[in-house]
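Reviewing the structure listed below.
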Amino acid sequence: QVQVAESGGGLVQPGGSLRLSCTGSRIIFSIYTMGWFRQAPGKQRELVASITTLRNTNYKDSVKGRFTISRDNAKNTVYLQMNSLKPEDTAVYYCNANPPLYGYWGQGTQVTVSA
């Protein structure tokens, strides 16, 4: 049973921006650190950014200074603002608790960075 829904992906030119949203279970969002993950073709899924319930954040080195994760617990929503996008950011982006909860993966949202 899918309990999370990601949105906001699309096709963008290098240097462009996108804002991803993830909405899910109130219980999960209220007690877990949440993360944005991505999986590029032929590669393993990787953690891109995470945010604790106290809004402490961590980022993968390659996205530091370009991506910003935030959360609105009242709306059970986590956001990922992505600026200065690069072709290597192309992937399907997912959100989940961090560490991930089994069975909590959504369908993801495709981000394609291309000229």
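Each chain in the structure tokens gets a letter, A, B, ..., in the order shown, and its residues are numbered from 1; ligands are numbered from 1 in order too.
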8 Å contact set for region 61-66 of chain A, only C-alpha atoms, chain neighbours under 4 positions out, as a short mmCIF file (atom, residue, chain, number, x, y, z; two decimals) with N, CA, C and O atoms, in the first residue's frame:
```cif
data_model
loop_
_atom_site.label_atom_id
_atom_site.label_comp_id
_atom_site.auth_asym_id
_atom_site.auth_seq_id
_atom_site.Cartn_x
_atom_site.Cartn_y
_atom_site.Cartn_z
N VAL A 48 19.73 11.85 -1.13
CA VAL A 48 20.13 13.17 -1.60
C VAL A 48 20.13 14.18 -0.46
O VAL A 48 21.06 14.98 -0.33
N MET A 82 15.23 22.50 -5.85
CA MET A 82 16.44 22.17 -6.61
C MET A 82 16.76 23.31 -7.56
O MET A 82 15.96 23.62 -8.46
N ASN A 83 17.90 23.93 -7.36
CA ASN A 83 18.37 25.03 -8.21
C ASN A 83 19.65 24.62 -8.92
O ASN A 83 20.31 23.66 -8.54
N SER A 84 19.99 25.38 -9.93
CA SER A 84 21.22 25.13 -10.70
C SER A 84 21.34 23.66 -11.09
O SER A 84 22.39 23.03 -10.91
N LEU A 85 20.28 23.14 -11.63
CA LEU A 85 20.24 21.72 -11.95
C LEU A 85 21.24 21.36 -13.05
O LEU A 85 21.51 22.16 -13.96
#
```
Against region 6-9 of chain A, which residues of region 45-85 of chain A fall within 10 Å? For each one I want the closest pair of atoms and the distance in Å (one decimal), counting only C-alpha atoms, rows by chain and increasing residue number, as CSV.
```
residue,atom,partner,partner_atom,distance
A:Thr77,CA,A:Glu6,CA,9.6
A:Val78,CA,A:Glu6,CA,9.3
A:Tyr79,CA,A:Glu6,CA,9.4
A:Leu80,CA,A:Gly8,CA,9.4
A:Gln81,CA,A:Gly8,CA,10.0
```
Go ahead and dump the residues you just picked, C-alpha atoms, as a PDB file, in the first residue's frame.
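Result written to again-v4.pdb:
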```pdb
ATOM      1  CA  THR A  77       4.685  17.432   3.338  1.00  0.00           C
ATOM      2  CA  VAL A  78       8.388  17.490   2.582  1.00  0.00           C
ATOM      3  CA  TYR A  79       9.830  19.669  -0.153  1.00  0.00           C
ATOM      4  CA  LEU A  80      13.016  19.640  -2.187  1.00  0.00           C
ATOM      5  CA  GLN A  81      13.932  22.901  -3.871  1.00  0.00           C
TER       6      GLN A  81
END
```
Worksheet item: What lies within 10 Å of Thr90 (chain A) using only C-alpha atoms, ignoring chain neighbours under 5 positions off, as a PyMOL selection string?
Response: chain A and resi 10-12+38-41+85+110-114
Selection export as a short mmCIF file (atom, residue, chain, number, x, y, z; two decimals), in the first residue's frame, atoms kept: all heavy atoms:
```cif
data_model
loop_
_atom_site.label_atom_id
_atom_site.label_comp_id
_atom_site.auth_asym_id
_atom_site.auth_seq_id
_atom_site.Cartn_x
_atom_site.Cartn_y
_atom_site.Cartn_z
N GLY A 10 9.86 17.02 -13.73
CA GLY A 10 9.64 17.46 -15.10
C GLY A 10 10.93 17.56 -15.87
O GLY A 10 11.99 17.12 -15.40
N LEU A 11 10.83 18.15 -17.04
CA LEU A 11 11.99 18.38 -17.90
C LEU A 11 12.44 19.83 -17.74
O LEU A 11 11.62 20.75 -17.86
CB LEU A 11 11.63 18.11 -19.36
CG LEU A 11 12.67 18.46 -20.42
CD1 LEU A 11 13.93 17.62 -20.23
CD2 LEU A 11 12.09 18.28 -21.82
N VAL A 12 13.72 20.02 -17.47
CA VAL A 12 14.24 21.36 -17.25
C VAL A 12 15.62 21.45 -17.89
O VAL A 12 16.34 20.46 -17.98
CB VAL A 12 14.30 21.68 -15.74
CG1 VAL A 12 15.25 20.75 -15.01
CG2 VAL A 12 14.64 23.13 -15.49
N ARG A 38 17.14 9.45 -4.81
CA ARG A 38 17.02 9.43 -6.26
C ARG A 38 17.68 8.19 -6.82
O ARG A 38 18.60 7.63 -6.22
CB ARG A 38 17.62 10.69 -6.89
CG ARG A 38 19.13 10.81 -6.79
CD ARG A 38 19.59 12.16 -7.33
NE ARG A 38 21.04 12.31 -7.27
CZ ARG A 38 21.68 13.44 -7.52
NH1 ARG A 38 20.99 14.55 -7.86
NH2 ARG A 38 22.99 13.49 -7.46
N GLN A 39 17.17 7.78 -7.98
CA GLN A 39 17.74 6.63 -8.66
C GLN A 39 17.84 6.93 -10.15
O GLN A 39 16.82 7.14 -10.81
CB GLN A 39 16.90 5.38 -8.43
CG GLN A 39 17.54 4.11 -8.99
CD GLN A 39 16.86 2.85 -8.49
OE1 GLN A 39 15.72 2.87 -8.02
NE2 GLN A 39 17.56 1.73 -8.57
N ALA A 40 19.07 6.99 -10.62
CA ALA A 40 19.33 7.19 -12.04
C ALA A 40 19.38 5.83 -12.73
O ALA A 40 19.64 4.81 -12.08
CB ALA A 40 20.65 7.93 -12.22
N PRO A 41 19.13 5.79 -14.04
CA PRO A 41 19.17 4.52 -14.77
C PRO A 41 20.49 3.79 -14.58
O PRO A 41 21.57 4.37 -14.71
CB PRO A 41 19.00 4.96 -16.22
CG PRO A 41 18.26 6.25 -16.14
CD PRO A 41 18.76 6.92 -14.91
N LEU A 85 20.28 23.14 -11.63
CA LEU A 85 20.24 21.72 -11.95
C LEU A 85 21.24 21.36 -13.05
O LEU A 85 21.51 22.16 -13.96
CB LEU A 85 18.83 21.31 -12.38
CG LEU A 85 17.86 21.13 -11.21
CD1 LEU A 85 16.42 21.19 -11.68
CD2 LEU A 85 18.13 19.81 -10.50
N GLN A 110 9.82 11.89 -11.91
CA GLN A 110 10.95 11.94 -12.83
C GLN A 110 11.46 13.36 -12.99
O GLN A 110 10.70 14.28 -13.27
CB GLN A 110 10.55 11.40 -14.20
CG GLN A 110 11.63 11.49 -15.26
CD GLN A 110 12.78 10.53 -15.03
OE1 GLN A 110 12.57 9.35 -14.76
NE2 GLN A 110 14.02 11.04 -15.11
N VAL A 111 12.76 13.51 -12.82
CA VAL A 111 13.43 14.78 -13.08
C VAL A 111 14.42 14.55 -14.22
O VAL A 111 15.29 13.68 -14.10
CB VAL A 111 14.16 15.30 -11.83
CG1 VAL A 111 15.01 16.52 -12.18
CG2 VAL A 111 13.16 15.65 -10.74
N THR A 112 14.28 15.31 -15.28
CA THR A 112 15.17 15.20 -16.42
C THR A 112 15.78 16.57 -16.69
O THR A 112 15.05 17.54 -16.91
CB THR A 112 14.44 14.70 -17.66
OG1 THR A 112 13.84 13.44 -17.38
CG2 THR A 112 15.42 14.53 -18.83
N VAL A 113 17.10 16.62 -16.66
CA VAL A 113 17.82 17.87 -16.92
C VAL A 113 18.55 17.71 -18.25
O VAL A 113 19.50 16.94 -18.36
CB VAL A 113 18.81 18.19 -15.79
CG1 VAL A 113 19.44 19.56 -16.03
CG2 VAL A 113 18.12 18.14 -14.44
N SER A 114 18.08 18.45 -19.22
CA SER A 114 18.64 18.30 -20.56
C SER A 114 18.39 19.56 -21.37
O SER A 114 17.35 20.21 -21.22
CB SER A 114 18.00 17.10 -21.27
OG SER A 114 18.45 17.01 -22.60
#
```
Worksheet item: Quick one: DSSP strand (DSSP E) residues in chain A, as number ranges by chain?
Response: A: 4-7, 10-12, 18-24, 34-39, 46-51, 57-59, 67-72, 77-82, 91-97, 109-113
Worksheet entry | Between CA of Gly103 (chain A) and CA of Ser21 (chain A), distance in Å (one decimal) |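 The value is 19.1 Å.
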Discussion item. Considering only helix (DSSP H, G or I) as DSSP defines it on the backbone, what residues of chain A qualify? List them as a PyMOL selection string.
Written reply: chain A and resi 26-31+61-63+73-75+87-89
Worksheet item: What is the CA of Leu20 (chain A)-CA of Lys43 (chain A) distance in Å, reported with one decimal?
Response: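 Here the two named atoms are 20.9 Å from each other.
Between CA of Arg55 (chain A) and CA of Cys22 (chain A) the separation is 15.7 Å.
When only C-alpha atoms are used to compute distances to Phe29 (chain A), the closest of the residues A:Leu101, A:Gln44, A:Phe67, A:Ala91 turns out to be A:Leu101.
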